[in-house]
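Structure file work-v1.tsv; described as TSV, C-alpha atoms.
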```tsv
chain	number	residue	atom	x	y	z
A	287	GLY	CA	7.47	-24.96	12.62
A	288	VAL	CA	9.95	-22.20	11.76
A	289	PRO	CA	9.75	-21.06	8.10
A	290	ASP	CA	12.90	-21.26	5.99
A	291	GLY	CA	14.61	-18.16	4.58
A	292	LEU	CA	12.94	-18.45	1.18
A	293	THR	CA	9.49	-18.58	2.75
A	294	LEU	CA	10.32	-15.51	4.85
A	295	GLY	CA	11.73	-13.82	1.75
A	296	HIS	CA	8.47	-14.49	-0.10
A	297	HIS	CA	6.48	-12.92	2.75
A	298	PHE	CA	8.79	-9.90	2.96
A	299	GLY	CA	9.03	-9.26	-0.78
A	300	VAL	CA	5.70	-10.36	-2.23
A	301	VAL	CA	3.15	-10.31	0.57
A	302	TYR	CA	4.31	-7.33	2.65
A	303	GLN	CA	6.52	-5.62	0.02
A	304	VAL	CA	9.23	-4.93	2.57
A	305	PRO	CA	12.71	-4.41	1.12
A	306	PHE	CA	15.12	-7.16	2.14
A	307	LEU	CA	18.40	-8.80	1.17
A	308	TYR	CA	19.33	-12.46	1.17
A	309	TRP	CA	22.48	-13.49	3.01
A	310	ALA	CA	23.83	-16.80	1.70
A	311	ARG	CA	26.83	-19.02	2.39
A	312	SER	CA	27.51	-19.67	-1.29
A	313	PRO	CA	26.16	-18.69	-4.72
A	314	SER	CA	24.56	-22.14	-5.04
A	315	ASP	CA	22.23	-21.23	-2.14
A	316	LEU	CA	20.73	-18.57	-4.42
A	317	GLN	CA	19.94	-20.92	-7.33
A	318	ASP	CA	16.45	-21.84	-6.11
A	319	PRO	CA	13.81	-20.28	-8.45
A	320	ARG	CA	11.98	-18.97	-5.39
A	321	VAL	CA	14.83	-16.50	-4.78
A	322	LEU	CA	13.92	-14.27	-7.75
A	323	LYS	CA	10.17	-14.77	-7.29
A	324	SER	CA	10.43	-13.36	-3.75
A	325	GLN	CA	11.65	-10.01	-5.19
A	326	PRO	CA	14.74	-9.36	-3.03
A	327	TYR	CA	16.57	-6.07	-3.31
A	328	GLY	CA	19.85	-7.94	-3.49
A	329	TYR	CA	21.99	-10.57	-1.86
A	330	LEU	CA	25.23	-10.90	0.02
A	331	LEU	CA	27.50	-13.84	0.54
A	332	SER	CA	28.65	-14.51	4.08
A	333	ASN	CA	32.25	-13.77	3.13
A	334	SER	CA	31.40	-10.38	1.56
A	335	GLN	CA	33.74	-7.48	2.16
A	336	ASP	CA	32.65	-4.09	3.52
A	337	ASP	CA	32.77	-2.48	0.07
A	338	GLU	CA	30.46	-5.21	-1.31
A	339	LEU	CA	28.06	-4.63	1.55
A	340	LEU	CA	28.07	-0.88	0.90
A	341	ALA	CA	27.54	-1.37	-2.85
A	342	THR	CA	24.65	-3.79	-2.31
A	343	LEU	CA	22.96	-1.51	0.22
A	344	THR	CA	23.42	1.50	-2.08
A	345	LEU	CA	21.82	-0.36	-5.01
A	346	ALA	CA	18.97	-1.60	-2.83
A	347	SER	CA	18.35	1.90	-1.49
A	348	GLU	CA	18.30	3.37	-5.00
A	349	SER	CA	15.90	0.66	-6.19
A	350	LEU	CA	13.59	1.40	-3.26
A	351	ARG	CA	13.70	5.14	-3.97
A	352	GLU	CA	12.86	4.57	-7.66
A	353	ARG	CA	9.97	2.26	-6.76
A	354	GLU	CA	8.54	4.84	-4.35
A	355	GLN	CA	8.88	7.64	-6.93
A	356	SER	CA	7.15	5.47	-9.54
A	357	ARG	CA	4.27	4.73	-7.14
A	358	GLN	CA	3.92	8.40	-6.22
A	359	SER	CA	3.94	9.40	-9.91
A	360	ARG	CA	1.04	7.01	-10.60
A	361	VAL	CA	-0.89	8.41	-7.62
A	362	ASP	CA	-0.22	12.00	-8.71
A	363	ALA	CA	-1.42	11.19	-12.23
A	364	LEU	CA	-4.69	9.85	-10.85
A	365	SER	CA	-5.26	12.58	-8.29
A	366	THR	CA	-7.82	15.31	-8.94
A	367	GLU	CA	-9.12	18.38	-7.15
A	368	THR	CA	-12.75	17.22	-7.45
A	369	GLU	CA	-12.40	13.85	-5.71
A	370	GLY	CA	-11.09	12.85	-2.34
A	371	ILE	CA	-8.30	10.31	-2.85
A	372	ILE	CA	-7.02	7.78	-0.30
A	373	VAL	CA	-4.23	5.37	-1.17
A	374	THR	CA	-3.22	2.42	0.98
A	375	ASP	CA	-0.39	-0.05	1.01
A	376	LEU	CA	-0.94	-3.78	0.69
A	377	SER	CA	-1.83	-4.12	4.37
A	378	GLY	CA	-4.56	-1.45	4.14
A	379	ARG	CA	-2.59	1.30	5.89
A	380	ILE	CA	-2.84	4.79	4.47
A	381	THR	CA	0.08	6.10	2.43
A	382	TYR	CA	-1.59	9.13	0.83
A	383	LEU	CA	-4.55	11.51	1.20
A	384	ASN	CA	-5.09	14.40	-1.15
A	385	PRO	CA	-6.25	17.77	0.26
A	386	LEU	CA	-9.93	17.13	-0.53
A	387	ALA	CA	-9.78	13.77	1.30
A	388	GLU	CA	-8.30	15.61	4.27
A	389	ASP	CA	-11.19	18.10	4.19
A	390	LEU	CA	-13.91	15.47	3.79
A	391	THR	CA	-12.58	13.03	6.42
A	392	GLY	CA	-11.28	15.63	8.89
A	393	TRP	CA	-7.89	13.86	9.04
A	394	HIS	CA	-4.57	15.46	8.07
A	395	ILE	CA	-2.19	13.32	6.08
A	396	ALA	CA	0.45	13.44	8.84
A	397	GLU	CA	-2.04	11.91	11.31
A	398	ALA	CA	-3.59	9.47	8.84
A	399	THR	CA	-0.39	8.00	7.40
A	400	ASN	CA	0.07	4.39	8.53
A	401	GLN	CA	-3.43	4.27	10.06
A	402	PRO	CA	-5.74	1.46	8.91
A	403	TYR	CA	-7.76	3.11	6.16
A	404	GLN	CA	-11.09	2.10	7.74
A	405	GLU	CA	-10.22	4.34	10.71
A	406	VAL	CA	-10.04	7.35	8.39
A	407	PHE	CA	-12.53	6.29	5.69
A	408	ARG	CA	-15.07	5.21	8.31
A	409	LEU	CA	-18.46	4.24	6.87
A	410	VAL	CA	-21.53	4.16	9.12
A	411	ASP	CA	-25.19	3.17	8.88
A	412	ALA	CA	-28.19	5.41	9.68
A	413	GLN	CA	-27.72	4.78	13.43
A	414	GLY	CA	-24.03	5.70	13.32
A	415	ASN	CA	-22.78	2.12	13.66
A	416	HIS	CA	-19.59	1.23	11.82
A	417	VAL	CA	-20.17	-0.56	8.51
A	418	PRO	CA	-17.18	-2.40	7.08
A	419	HIS	CA	-15.95	-1.03	3.78
A	420	LEU	CA	-15.98	-3.89	1.29
A	421	PRO	CA	-13.75	-2.73	-1.55
A	422	PHE	CA	-14.42	-5.64	-3.89
A	423	ILE	CA	-17.86	-7.19	-3.70
A	424	GLU	CA	-18.48	-10.15	-5.98
A	425	GLY	CA	-20.86	-9.19	-8.76
A	426	ARG	CA	-20.26	-5.46	-8.36
A	427	ASP	CA	-18.69	-3.59	-11.25
A	428	ARG	CA	-15.48	-2.14	-9.76
A	429	SER	CA	-15.92	1.02	-11.82
A	430	ALA	CA	-19.40	1.68	-10.37
A	431	SER	CA	-19.81	4.18	-7.55
A	432	VAL	CA	-21.39	3.17	-4.25
A	433	VAL	CA	-23.25	5.69	-2.07
A	434	ALA	CA	-22.40	5.50	1.63
A	435	SER	CA	-22.33	7.59	4.81
A	436	LEU	CA	-18.84	8.69	5.80
A	437	ALA	CA	-18.23	9.57	9.45
A	438	ARG	CA	-15.86	12.52	9.61
A	439	ARG	CA	-13.34	12.67	12.41
A	440	SER	CA	-15.59	15.20	14.15
A	441	GLY	CA	-18.46	12.70	14.18
A	442	LYS	CA	-20.53	14.50	11.56
A	443	THR	CA	-21.60	12.29	8.65
A	444	LEU	CA	-21.51	13.04	4.94
A	445	ARG	CA	-23.13	11.17	2.06
A	446	VAL	CA	-20.44	10.23	-0.42
A	447	SER	CA	-20.15	8.32	-3.66
A	448	GLU	CA	-17.05	6.14	-3.58
A	449	ARG	CA	-15.18	3.94	-6.01
A	450	THR	CA	-12.40	1.60	-4.97
A	451	SER	CA	-9.87	-0.04	-7.22
A	452	SER	CA	-6.71	-1.99	-6.74
A	453	LEU	CA	-3.41	-0.17	-7.01
A	454	THR	CA	-0.55	-2.01	-8.69
A	455	ASP	CA	3.17	-1.36	-8.74
A	456	GLY	CA	5.34	-1.04	-11.85
A	457	ASP	CA	5.51	-4.82	-12.18
A	458	GLY	CA	1.72	-5.18	-12.10
A	459	SER	CA	1.71	-6.69	-8.61
A	460	LEU	CA	-1.00	-5.69	-6.17
A	461	ALA	CA	0.29	-2.78	-4.06
A	462	GLY	CA	-2.77	-1.47	-2.22
A	463	LEU	CA	-6.12	0.27	-2.64
A	464	TYR	CA	-7.09	3.46	-4.43
A	465	ILE	CA	-10.29	4.98	-3.01
A	466	SER	CA	-11.86	8.00	-4.70
A	467	PHE	CA	-14.93	9.70	-3.31
A	468	THR	CA	-17.05	12.81	-3.79
A	469	LEU	CA	-19.95	14.37	-1.94
A	470	HIS	CA	-23.18	12.72	-3.04
A	471	GLU	CA	-25.74	15.11	-4.48
```
Kindly return the structure encoded in the file as structure tokens.
Amino acid sequence: GVPDGLTLGHHFGVVYQVPFLYWARSPSDLQDPRVLKSQPYGYLLSNSQDDELLATLTLASESLREREQSRQSRVDALSTETEGIIVTDLSGRITYLNPLAEDLTGWHIAEATNQPYQEVFRLVDAQGNHVPHLPFIEGRDRSASVVASLARRSGKTLRVSERTSSLTDGDGSLAGLYISFTLHE
């Protein structure tokens, strides 16, 4: 019932996008095609020396930094002053709010970061009951706006038009959600 290292690697690298390294007994342990598909940040052999460990960790850290800068550059390019922008990671936790999203939701980015996005972008019905945000509804054009009631942190509601799209990383893999919204006229 315990998953093998390659299955865990797949979950870390592809599903959760958590940086990780493989530690193997011999180079032949790394020949399985699933090793590269799981997107590791590197590997070490069990008989590695300290300088090899340091070099591998340095390269992995630099790769992680570059990936984060690339993601932030894409978010910055999409960000505007006329729309509230919320960006999530693959698990739906907030990684970014622009200033207008802070104003409209009543949440500051420092408080919202790592929160489930539906806690911050909380949609409600006419009676104030929580309505799940369904980012991708079958048959709905993803570029079309949807009008909804957004419950601000203070409890006050606002009518907003929102569009949600998937956010991908530099490799084209799903990386999270991109939610843009404006006050509805």
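Coordinates place CA of Arg449 (chain A) at a distance of 4.9 Å from CA of Ser431 (chain A).
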Interatomic distance, CA of Gly370 (chain A) to CA of Pro385 (chain A) (Å, one decimal):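 We find that CA of Gly370 (chain A) and CA of Pro385 (chain A) lie 7.4 Å from each other.
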How many Å lie between CA of Asn415 (chain A) and CA of Leu390 (chain A), rounded to one decimal? 18.8 Å
Identify which of the residues A:Asn333, A:Ser452, A:Gln303, A:Thr443 lies closest to Arg353 (chain A), counting only C-alpha atoms when measuring atom-to-atom distances. A:Gln303
Pick the closest to Val410 (chain A) from A:Val446, A:Val304, A:Ala461, A:Leu383: which is it, counting all atoms listed in the file? A:Val446
Show which residues sit within 8 Å of Arg439 (chain A), as an MDAnalysis selection string. Count only C-alpha atoms, and ignore same-chain residues fewer than 6 positions away. chainID A and resid 391:393 406
Tell me which of A:Leu340, A:Leu376, A:Val433, A:Val417 sits closest to Val301 (chain A), counting only C-alpha atoms. A:Leu376
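When only C-alpha atoms are used to compute distances to Leu386 (chain A), the closest of the residues A:Thr368, A:Thr374, A:Thr454, A:Ser440 turns out to be A:Thr368.
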From the set A:Val432, A:Leu463, A:Leu322, A:Leu292, which residue has the shortest atom-to-atom contact distance to Arg379 (chain A), counting only C-alpha atoms?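 Going through A:Val432, A:Leu463, A:Leu322, A:Leu292 one by one, the smallest distance to Arg379 (chain A) is for A:Leu463.
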Which polymer residues, whether protein, DNA or RNA, lie within 9 Å of the coordinate (32.7, -20.9, 1.3) when you count all atoms listed in the file? List them as an mmCIF file with C-alpha atoms, in the frame of the given file, using the chain letters and numbers from the file.
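Once written, out04.cif looks like this:
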```
data_model
loop_
_atom_site.group_PDB
_atom_site.id
_atom_site.type_symbol
_atom_site.label_atom_id
_atom_site.label_comp_id
_atom_site.auth_asym_id
_atom_site.auth_seq_id
_atom_site.Cartn_x
_atom_site.Cartn_y
_atom_site.Cartn_z
ATOM 1 C CA ARG A 311 26.830 -19.020 2.390
ATOM 2 C CA SER A 312 27.510 -19.670 -1.290
ATOM 3 C CA LEU A 331 27.500 -13.840 0.540
ATOM 4 C CA SER A 332 28.650 -14.510 4.080
ATOM 5 C CA ASN A 333 32.250 -13.770 3.130
#
```
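The point (26.8, -19.4, -0.6) has these residues within 12 Å of it when only C-alpha atoms are used: A:Tyr308, A:Trp309, A:Ala310, A:Arg311, A:Ser312, A:Pro313, A:Ser314, A:Asp315, A:Leu316, A:Gln317, A:Asp318, A:Tyr329, A:Leu330, A:Leu331, A:Ser332, A:Asn333, A:Ser334.
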As a list in words, please: the residues near Ser347 (chain A) (cut-off 12 Å, all atoms listed in the file, same-chain neighbours under 3 positions excluded). Pro305, Phe306, Leu307, Pro326, Tyr327, Gly328, Leu340, Ala341, Thr342, Leu343, Thr344, Leu350, Arg351, Glu352, Arg353 and Glu354 of chain A
What box, with edges along x, y and z, holds each listed atom of region 381-392 of chain A when 8 Å is added on every side, and can you state its centre and edge lengths in Å to one decimal, as AutoDock Vina command-line options?
```
--center_x -6.9 --center_y 12.1 --center_z 3.9 --size_x 30.0 --size_y 28.0 --size_z 26.0
```
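Across A:Glu338, A:Ala346, A:Ile371, A:Pro402, the tightest approach to Asp389 (chain A) is made by A:Ile371 when counting only C-alpha atoms.
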